[in-house]
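The structure file run36.txt is reproduced below (compact mmCIF, N, CA, C and O atoms).
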```txt
# COMPACT_ATOMS: atom_id res chain seq x y z
N MET E 1 -35.64 -8.08 3.39
CA MET E 1 -34.81 -7.81 4.54
C MET E 1 -34.89 -6.33 4.88
O MET E 1 -34.78 -5.47 4.01
N PRO E 2 -35.06 -5.98 6.17
CA PRO E 2 -35.16 -4.58 6.56
C PRO E 2 -33.85 -3.83 6.30
O PRO E 2 -32.77 -4.36 6.45
N ASP E 3 -34.00 -2.56 5.95
CA ASP E 3 -32.83 -1.70 5.74
C ASP E 3 -32.23 -1.34 7.10
O ASP E 3 -32.92 -0.80 7.95
N PRO E 4 -30.91 -1.64 7.33
CA PRO E 4 -30.32 -1.35 8.64
C PRO E 4 -30.16 0.14 8.93
O PRO E 4 -29.79 0.53 10.01
N HIS E 5 -30.46 1.01 7.96
CA HIS E 5 -30.33 2.44 8.16
C HIS E 5 -31.66 3.14 8.40
O HIS E 5 -31.70 4.36 8.51
N THR E 6 -32.76 2.40 8.49
CA THR E 6 -34.03 3.04 8.78
C THR E 6 -34.04 3.48 10.24
O THR E 6 -33.32 2.94 11.08
N ALA E 7 -34.84 4.47 10.55
CA ALA E 7 -34.89 5.02 11.90
C ALA E 7 -35.18 3.95 12.95
O ALA E 7 -34.71 4.03 14.08
N ALA E 8 -35.92 2.92 12.57
CA ALA E 8 -36.26 1.86 13.52
C ALA E 8 -35.05 1.03 13.91
O ALA E 8 -35.05 0.37 14.94
N HIS E 9 -33.99 1.05 13.09
CA HIS E 9 -32.82 0.22 13.35
C HIS E 9 -31.58 0.99 13.77
O HIS E 9 -30.62 0.41 14.23
N ILE E 10 -31.60 2.29 13.62
CA ILE E 10 -30.41 3.08 13.94
C ILE E 10 -30.29 3.27 15.45
O ILE E 10 -31.27 3.56 16.13
N GLN E 11 -29.08 3.08 15.94
CA GLN E 11 -28.73 3.45 17.30
C GLN E 11 -27.63 4.49 17.17
O GLN E 11 -26.64 4.26 16.49
N VAL E 12 -27.80 5.61 17.80
CA VAL E 12 -26.89 6.74 17.63
C VAL E 12 -25.84 6.76 18.75
O VAL E 12 -26.16 6.59 19.92
N VAL E 13 -24.61 7.00 18.34
CA VAL E 13 -23.50 7.22 19.26
C VAL E 13 -22.98 8.62 18.97
O VAL E 13 -22.80 8.99 17.81
N GLY E 14 -22.75 9.40 20.01
CA GLY E 14 -22.25 10.75 19.83
C GLY E 14 -20.84 10.91 20.36
O GLY E 14 -20.39 10.14 21.21
N GLY E 15 -20.18 11.91 19.86
CA GLY E 15 -18.88 12.31 20.37
C GLY E 15 -18.86 13.82 20.44
O GLY E 15 -19.31 14.49 19.52
N VAL E 16 -18.37 14.36 21.57
CA VAL E 16 -18.41 15.81 21.75
C VAL E 16 -17.04 16.32 22.22
O VAL E 16 -16.48 15.83 23.19
N ASP E 17 -16.54 17.30 21.48
CA ASP E 17 -15.33 18.02 21.84
C ASP E 17 -15.79 19.30 22.52
O ASP E 17 -16.44 20.14 21.90
N THR E 18 -15.51 19.42 23.82
CA THR E 18 -16.03 20.55 24.59
C THR E 18 -15.00 21.67 24.70
O THR E 18 -13.79 21.43 24.74
N HIS E 19 -15.51 22.88 24.72
CA HIS E 19 -14.68 24.08 24.86
C HIS E 19 -15.39 25.07 25.78
O HIS E 19 -16.53 24.86 26.17
N THR E 20 -14.75 26.17 26.06
CA THR E 20 -15.33 27.19 26.94
C THR E 20 -16.64 27.74 26.40
O THR E 20 -17.62 27.84 27.13
N ASP E 21 -16.66 28.09 25.12
CA ASP E 21 -17.83 28.77 24.55
C ASP E 21 -18.73 27.88 23.69
O ASP E 21 -19.90 28.20 23.49
N THR E 22 -18.17 26.81 23.13
CA THR E 22 -18.93 25.95 22.23
C THR E 22 -18.61 24.48 22.47
O THR E 22 -17.56 24.14 23.02
N HIS E 23 -19.52 23.63 22.03
CA HIS E 23 -19.31 22.19 22.00
C HIS E 23 -19.51 21.75 20.55
O HIS E 23 -20.51 22.12 19.92
N HIS E 24 -18.57 20.96 20.03
CA HIS E 24 -18.68 20.45 18.67
C HIS E 24 -19.03 18.97 18.78
O HIS E 24 -18.31 18.20 19.40
N ALA E 25 -20.15 18.58 18.18
CA ALA E 25 -20.67 17.22 18.29
C ALA E 25 -20.66 16.51 16.96
O ALA E 25 -20.87 17.12 15.91
N ALA E 26 -20.45 15.20 17.02
CA ALA E 26 -20.57 14.33 15.86
C ALA E 26 -21.54 13.21 16.22
O ALA E 26 -21.56 12.74 17.36
N ALA E 27 -22.34 12.81 15.26
CA ALA E 27 -23.28 11.71 15.44
C ALA E 27 -22.90 10.59 14.48
O ALA E 27 -22.63 10.84 13.30
N LEU E 28 -22.85 9.37 15.01
CA LEU E 28 -22.54 8.18 14.20
C LEU E 28 -23.65 7.16 14.39
O LEU E 28 -24.25 7.09 15.47
N ASP E 29 -23.86 6.35 13.36
CA ASP E 29 -24.85 5.28 13.51
C ASP E 29 -24.17 4.06 14.12
O ASP E 29 -22.96 4.06 14.38
N HIS E 30 -24.94 3.00 14.33
CA HIS E 30 -24.43 1.79 14.96
C HIS E 30 -23.41 1.05 14.10
O HIS E 30 -22.73 0.15 14.58
N LEU E 31 -23.27 1.47 12.84
CA LEU E 31 -22.27 0.88 11.95
C LEU E 31 -21.02 1.75 11.86
O LEU E 31 -20.08 1.43 11.14
N GLY E 32 -21.02 2.87 12.57
CA GLY E 32 -19.87 3.76 12.58
C GLY E 32 -19.87 4.80 11.46
O GLY E 32 -18.90 5.52 11.29
N GLN E 33 -20.95 4.89 10.73
CA GLN E 33 -21.05 5.88 9.66
C GLN E 33 -21.47 7.23 10.24
O GLN E 33 -22.34 7.30 11.11
N ILE E 34 -20.83 8.29 9.75
CA ILE E 34 -21.13 9.63 10.24
C ILE E 34 -22.50 10.08 9.75
O ILE E 34 -22.78 10.05 8.55
N LEU E 35 -23.32 10.49 10.69
CA LEU E 35 -24.65 11.00 10.37
C LEU E 35 -24.64 12.52 10.24
O LEU E 35 -25.45 13.09 9.53
N GLY E 36 -23.74 13.17 10.96
CA GLY E 36 -23.64 14.61 10.90
C GLY E 36 -22.75 15.16 11.98
O GLY E 36 -22.31 14.44 12.86
N ASP E 37 -22.45 16.45 11.87
CA ASP E 37 -21.72 17.13 12.93
C ASP E 37 -22.22 18.57 13.00
O ASP E 37 -22.70 19.11 12.01
N ALA E 38 -22.12 19.13 14.20
CA ALA E 38 -22.64 20.48 14.43
C ALA E 38 -22.00 21.07 15.67
O ALA E 38 -21.44 20.36 16.50
N GLU E 39 -22.12 22.38 15.78
CA GLU E 39 -21.56 23.09 16.92
C GLU E 39 -22.69 23.78 17.68
O GLU E 39 -23.63 24.30 17.06
N PHE E 40 -22.58 23.78 19.00
CA PHE E 40 -23.61 24.34 19.86
C PHE E 40 -22.97 25.21 20.94
O PHE E 40 -21.84 24.96 21.35
N PRO E 41 -23.70 26.21 21.43
CA PRO E 41 -23.17 27.02 22.54
C PRO E 41 -22.98 26.16 23.79
O PRO E 41 -23.76 25.24 24.04
N ALA E 42 -21.96 26.46 24.56
CA ALA E 42 -21.70 25.73 25.81
C ALA E 42 -22.51 26.37 26.94
O ALA E 42 -21.98 26.87 27.92
N THR E 43 -23.81 26.33 26.77
CA THR E 43 -24.77 26.89 27.72
C THR E 43 -25.81 25.81 28.02
O THR E 43 -25.89 24.81 27.29
N PRO E 44 -26.64 25.99 29.04
CA PRO E 44 -27.71 25.01 29.28
C PRO E 44 -28.60 24.83 28.04
O PRO E 44 -28.93 23.69 27.67
N ASP E 45 -28.99 25.92 27.39
CA ASP E 45 -29.82 25.80 26.18
C ASP E 45 -29.07 25.11 25.06
O ASP E 45 -29.64 24.30 24.33
N GLY E 46 -27.79 25.43 24.92
CA GLY E 46 -26.97 24.80 23.88
C GLY E 46 -26.83 23.30 24.10
O GLY E 46 -26.88 22.51 23.16
N CYS E 47 -26.67 22.89 25.36
CA CYS E 47 -26.58 21.45 25.67
C CYS E 47 -27.89 20.75 25.33
O CYS E 47 -27.89 19.64 24.79
N ALA E 48 -29.01 21.39 25.64
CA ALA E 48 -30.32 20.82 25.31
C ALA E 48 -30.49 20.72 23.79
O ALA E 48 -31.01 19.72 23.28
N GLN E 49 -30.03 21.74 23.07
CA GLN E 49 -30.09 21.70 21.60
C GLN E 49 -29.23 20.57 21.05
O GLN E 49 -29.64 19.87 20.11
N LEU E 50 -28.06 20.37 21.64
CA LEU E 50 -27.17 19.29 21.21
C LEU E 50 -27.86 17.94 21.39
O LEU E 50 -27.85 17.10 20.48
N LEU E 51 -28.46 17.72 22.55
CA LEU E 51 -29.16 16.47 22.80
C LEU E 51 -30.33 16.29 21.84
O LEU E 51 -30.53 15.20 21.30
N ASP E 52 -31.09 17.33 21.60
CA ASP E 52 -32.20 17.25 20.65
C ASP E 52 -31.70 16.91 19.25
O ASP E 52 -32.30 16.11 18.54
N TRP E 53 -30.58 17.53 18.86
CA TRP E 53 -29.99 17.28 17.54
C TRP E 53 -29.56 15.81 17.42
O TRP E 53 -29.90 15.15 16.44
N LEU E 54 -28.84 15.31 18.42
CA LEU E 54 -28.43 13.90 18.40
C LEU E 54 -29.64 12.98 18.33
O LEU E 54 -29.67 12.02 17.54
N SER E 55 -30.64 13.26 19.14
CA SER E 55 -31.84 12.42 19.21
C SER E 55 -32.63 12.45 17.91
O SER E 55 -33.40 11.52 17.63
N GLY E 56 -32.44 13.47 17.11
CA GLY E 56 -33.14 13.55 15.82
C GLY E 56 -32.71 12.47 14.84
O GLY E 56 -33.42 12.18 13.88
N PHE E 57 -31.55 11.85 15.09
CA PHE E 57 -31.07 10.77 14.22
C PHE E 57 -31.60 9.41 14.65
O PHE E 57 -31.54 8.45 13.90
N GLY E 58 -32.09 9.31 15.88
CA GLY E 58 -32.57 8.04 16.41
C GLY E 58 -32.22 7.95 17.88
O GLY E 58 -31.70 8.89 18.47
N PRO E 59 -32.49 6.78 18.49
CA PRO E 59 -32.20 6.62 19.92
C PRO E 59 -30.69 6.74 20.19
O PRO E 59 -29.89 6.06 19.56
N VAL E 60 -30.34 7.59 21.14
CA VAL E 60 -28.94 7.79 21.50
C VAL E 60 -28.57 6.78 22.58
O VAL E 60 -29.19 6.76 23.65
N THR E 61 -27.56 5.95 22.31
CA THR E 61 -27.17 4.92 23.27
C THR E 61 -26.03 5.36 24.17
O THR E 61 -25.99 5.01 25.34
N LYS E 62 -25.08 6.12 23.62
CA LYS E 62 -23.97 6.61 24.44
C LYS E 62 -23.30 7.78 23.74
O LYS E 62 -23.40 7.95 22.53
N VAL E 63 -22.62 8.59 24.56
CA VAL E 63 -21.94 9.76 24.04
C VAL E 63 -20.58 9.86 24.72
O VAL E 63 -20.50 9.82 25.96
N GLY E 64 -19.54 9.99 23.93
CA GLY E 64 -18.21 10.27 24.46
C GLY E 64 -18.09 11.78 24.61
O GLY E 64 -18.29 12.51 23.65
N VAL E 65 -17.78 12.23 25.82
CA VAL E 65 -17.68 13.66 26.10
C VAL E 65 -16.28 13.95 26.63
O VAL E 65 -15.87 13.38 27.65
N GLU E 66 -15.57 14.83 25.96
CA GLU E 66 -14.27 15.26 26.44
C GLU E 66 -14.46 16.20 27.62
O GLU E 66 -15.30 17.10 27.57
N GLY E 67 -13.71 16.00 28.66
CA GLY E 67 -13.73 16.93 29.78
C GLY E 67 -14.99 16.88 30.62
O GLY E 67 -15.56 17.91 30.94
N THR E 68 -15.41 15.68 31.05
CA THR E 68 -16.64 15.57 31.83
C THR E 68 -16.51 16.21 33.21
O THR E 68 -17.52 16.42 33.88
N GLY E 69 -15.29 16.53 33.63
CA GLY E 69 -15.10 17.19 34.92
C GLY E 69 -14.89 18.68 34.79
O GLY E 69 -14.75 19.37 35.78
N SER E 70 -14.86 19.18 33.56
CA SER E 70 -14.64 20.61 33.38
C SER E 70 -15.63 21.16 32.36
O SER E 70 -16.80 21.30 32.66
N TYR E 71 -15.17 21.47 31.14
CA TYR E 71 -16.05 22.09 30.14
C TYR E 71 -17.27 21.23 29.81
O TYR E 71 -18.32 21.75 29.48
N GLY E 72 -17.14 19.91 29.89
CA GLY E 72 -18.24 19.03 29.52
C GLY E 72 -19.11 18.57 30.67
O GLY E 72 -20.03 17.76 30.48
N LYS E 73 -18.85 19.07 31.86
CA LYS E 73 -19.61 18.61 33.03
C LYS E 73 -21.11 18.84 32.89
O LYS E 73 -21.92 17.95 33.17
N GLN E 74 -21.49 20.03 32.46
CA GLN E 74 -22.91 20.36 32.31
C GLN E 74 -23.59 19.43 31.31
O GLN E 74 -24.69 18.93 31.55
N LEU E 75 -22.93 19.18 30.17
CA LEU E 75 -23.49 18.29 29.15
C LEU E 75 -23.56 16.86 29.66
O LEU E 75 -24.58 16.18 29.49
N ALA E 76 -22.50 16.39 30.31
CA ALA E 76 -22.48 15.02 30.83
C ALA E 76 -23.61 14.80 31.83
O ALA E 76 -24.27 13.76 31.81
N THR E 77 -23.85 15.79 32.67
CA THR E 77 -24.93 15.69 33.65
C THR E 77 -26.29 15.60 32.95
O THR E 77 -27.13 14.76 33.31
N LEU E 78 -26.50 16.42 31.93
CA LEU E 78 -27.76 16.39 31.17
C LEU E 78 -27.95 15.01 30.51
O LEU E 78 -29.04 14.44 30.57
N LEU E 79 -26.90 14.49 29.91
CA LEU E 79 -27.00 13.19 29.24
C LEU E 79 -27.35 12.09 30.25
O LEU E 79 -28.23 11.27 30.00
N ARG E 80 -26.65 12.09 31.37
CA ARG E 80 -26.92 11.06 32.40
C ARG E 80 -28.36 11.17 32.91
O ARG E 80 -29.01 10.15 33.16
N HIS E 81 -28.87 12.39 33.07
CA HIS E 81 -30.25 12.57 33.54
C HIS E 81 -31.25 12.05 32.50
O HIS E 81 -32.41 11.83 32.84
N ASN E 82 -30.80 11.89 31.27
CA ASN E 82 -31.65 11.35 30.21
C ASN E 82 -31.31 9.89 29.91
O ASN E 82 -31.64 9.38 28.84
N ASN E 83 -30.67 9.24 30.88
CA ASN E 83 -30.34 7.81 30.80
C ASN E 83 -29.46 7.44 29.61
O ASN E 83 -29.63 6.38 29.03
N ILE E 84 -28.55 8.34 29.26
CA ILE E 84 -27.61 8.09 28.18
C ILE E 84 -26.24 7.85 28.81
O ILE E 84 -25.79 8.64 29.65
N THR E 85 -25.60 6.76 28.41
CA THR E 85 -24.27 6.42 28.91
C THR E 85 -23.27 7.46 28.45
O THR E 85 -23.23 7.81 27.27
N VAL E 86 -22.47 7.95 29.39
CA VAL E 86 -21.43 8.94 29.08
C VAL E 86 -20.07 8.27 29.24
O VAL E 86 -19.80 7.63 30.26
N ARG E 87 -19.24 8.43 28.23
CA ARG E 87 -17.87 7.88 28.27
C ARG E 87 -16.89 9.01 28.24
O ARG E 87 -17.08 10.00 27.62
```

Turn the structure described in the file into structure tokens.
Amino acid sequence: MPDPHTAAHIQVVGGVDTHTDTHHAAALDHLGQILGDAEFPATPDGCAQLLDWLSGFGPVTKVGVEGTGSYGKQLATLLRHNNITVR
């Protein structure tokens, strides 16, 4: 039986707490287990780094972003442009 934690089977869900200067992200697998957490600058480059970091765990299916109309707007836009569901 295949291991449900291999890269071929993992679907990544992210959660991001947005702030003025930084975004703190958490990555979870499809079973709800924490894969990691990290902090990134709240800049265009920082948002790209955050997406690259999440994608390093496997295919990202959706990301919960706090403040999609304010601090998280830039990140939410980037995620949507990469066909990732934003909640």

Choose the residue, out of E:His30, E:His24, E:His19, E:His9, that has the smallest atom-to-atom separation from E:Thr68; count only C-alpha atoms. E:His19

Residues of chain E in strand (DSSP E or B), written as a PyMOL selection string: chain E and resi 12-18+22-28+34-41+60-65+85-86

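For the pair atom CA of E:Gly32 and atom CA of E:Asn82, the separation is 22.5 Å.
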
Point (-21.6, 22.6, 17.8) neighbourhood (5 Å, all atoms listed in the file) written as a compact mmCIF listing (two decimals) with N, CA, C and O atoms, in the coordinates of the input:
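Final file, result-v4.txt:
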```txt
# COMPACT_ATOMS: atom_id res chain seq x y z
N HIS E 23 -19.52 23.63 22.03
CA HIS E 23 -19.31 22.19 22.00
C HIS E 23 -19.51 21.75 20.55
O HIS E 23 -20.51 22.12 19.92
N HIS E 24 -18.57 20.96 20.03
CA HIS E 24 -18.68 20.45 18.67
C HIS E 24 -19.03 18.97 18.78
O HIS E 24 -18.31 18.20 19.40
N ALA E 25 -20.15 18.58 18.18
CA ALA E 25 -20.67 17.22 18.29
C ALA E 25 -20.66 16.51 16.96
O ALA E 25 -20.87 17.12 15.91
N ALA E 38 -22.12 19.13 14.20
CA ALA E 38 -22.64 20.48 14.43
C ALA E 38 -22.00 21.07 15.67
O ALA E 38 -21.44 20.36 16.50
N GLU E 39 -22.12 22.38 15.78
CA GLU E 39 -21.56 23.09 16.92
C GLU E 39 -22.69 23.78 17.68
O GLU E 39 -23.63 24.30 17.06
N PHE E 40 -22.58 23.78 19.00
CA PHE E 40 -23.61 24.34 19.86
C PHE E 40 -22.97 25.21 20.94
O PHE E 40 -21.84 24.96 21.35
```

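Closest to E:Val65 among E:Ala27, E:Leu35, E:Val86, E:Val12 is E:Val86, based on all atoms listed in the file.
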
Please, which residues are within 7 Å of (-21.7, 6.2, 25.2) by the file's coordinates, counting only N, CA, C and O atoms, and could they come as a PDB file with N, CA, C and O atoms, in the coordinates of the input?
```
ATOM      1  N   VAL E  12     -27.800   5.610  17.800  1.00  0.00           N
ATOM      2  CA  VAL E  12     -26.890   6.740  17.630  1.00  0.00           C
ATOM      3  C   VAL E  12     -25.840   6.760  18.750  1.00  0.00           C
ATOM      4  O   VAL E  12     -26.160   6.590  19.920  1.00  0.00           O
ATOM      5  N   VAL E  13     -24.610   7.000  18.340  1.00  0.00           N
ATOM      6  CA  VAL E  13     -23.500   7.220  19.260  1.00  0.00           C
ATOM      7  C   VAL E  13     -22.980   8.620  18.970  1.00  0.00           C
ATOM      8  O   VAL E  13     -22.800   8.990  17.810  1.00  0.00           O
ATOM      9  N   GLY E  14     -22.750   9.400  20.010  1.00  0.00           N
ATOM     10  CA  GLY E  14     -22.250  10.750  19.830  1.00  0.00           C
ATOM     11  C   GLY E  14     -20.840  10.910  20.360  1.00  0.00           C
ATOM     12  O   GLY E  14     -20.390  10.140  21.210  1.00  0.00           O
ATOM     13  N   THR E  61     -27.560   5.950  22.310  1.00  0.00           N
ATOM     14  CA  THR E  61     -27.170   4.920  23.270  1.00  0.00           C
ATOM     15  C   THR E  61     -26.030   5.360  24.170  1.00  0.00           C
ATOM     16  O   THR E  61     -25.990   5.010  25.340  1.00  0.00           O
ATOM     17  N   LYS E  62     -25.080   6.120  23.620  1.00  0.00           N
ATOM     18  CA  LYS E  62     -23.970   6.610  24.440  1.00  0.00           C
ATOM     19  C   LYS E  62     -23.300   7.780  23.740  1.00  0.00           C
ATOM     20  O   LYS E  62     -23.400   7.950  22.530  1.00  0.00           O
ATOM     21  N   VAL E  63     -22.620   8.590  24.560  1.00  0.00           N
ATOM     22  CA  VAL E  63     -21.940   9.760  24.040  1.00  0.00           C
ATOM     23  C   VAL E  63     -20.580   9.860  24.720  1.00  0.00           C
ATOM     24  O   VAL E  63     -20.500   9.820  25.960  1.00  0.00           O
ATOM     25  N   GLY E  64     -19.540   9.990  23.930  1.00  0.00           N
ATOM     26  CA  GLY E  64     -18.210  10.270  24.460  1.00  0.00           C
ATOM     27  C   GLY E  64     -18.090  11.780  24.610  1.00  0.00           C
ATOM     28  O   GLY E  64     -18.290  12.510  23.650  1.00  0.00           O
ATOM     29  N   ILE E  84     -28.550   8.340  29.260  1.00  0.00           N
ATOM     30  CA  ILE E  84     -27.610   8.090  28.180  1.00  0.00           C
ATOM     31  C   ILE E  84     -26.240   7.850  28.810  1.00  0.00           C
ATOM     32  O   ILE E  84     -25.790   8.640  29.650  1.00  0.00           O
ATOM     33  N   THR E  85     -25.600   6.760  28.410  1.00  0.00           N
ATOM     34  CA  THR E  85     -24.270   6.420  28.910  1.00  0.00           C
ATOM     35  C   THR E  85     -23.270   7.460  28.450  1.00  0.00           C
ATOM     36  O   THR E  85     -23.230   7.810  27.270  1.00  0.00           O
ATOM     37  N   VAL E  86     -22.470   7.950  29.390  1.00  0.00           N
ATOM     38  CA  VAL E  86     -21.430   8.940  29.080  1.00  0.00           C
ATOM     39  C   VAL E  86     -20.070   8.270  29.240  1.00  0.00           C
ATOM     40  O   VAL E  86     -19.800   7.630  30.260  1.00  0.00           O
ATOM     41  N   ARG E  87     -19.240   8.430  28.230  1.00  0.00           N
ATOM     42  CA  ARG E  87     -17.870   7.880  28.270  1.00  0.00           C
ATOM     43  C   ARG E  87     -16.890   9.010  28.240  1.00  0.00           C
ATOM     44  O   ARG E  87     -17.080  10.000  27.620  1.00  0.00           O
TER      45      ARG E  87
END
```
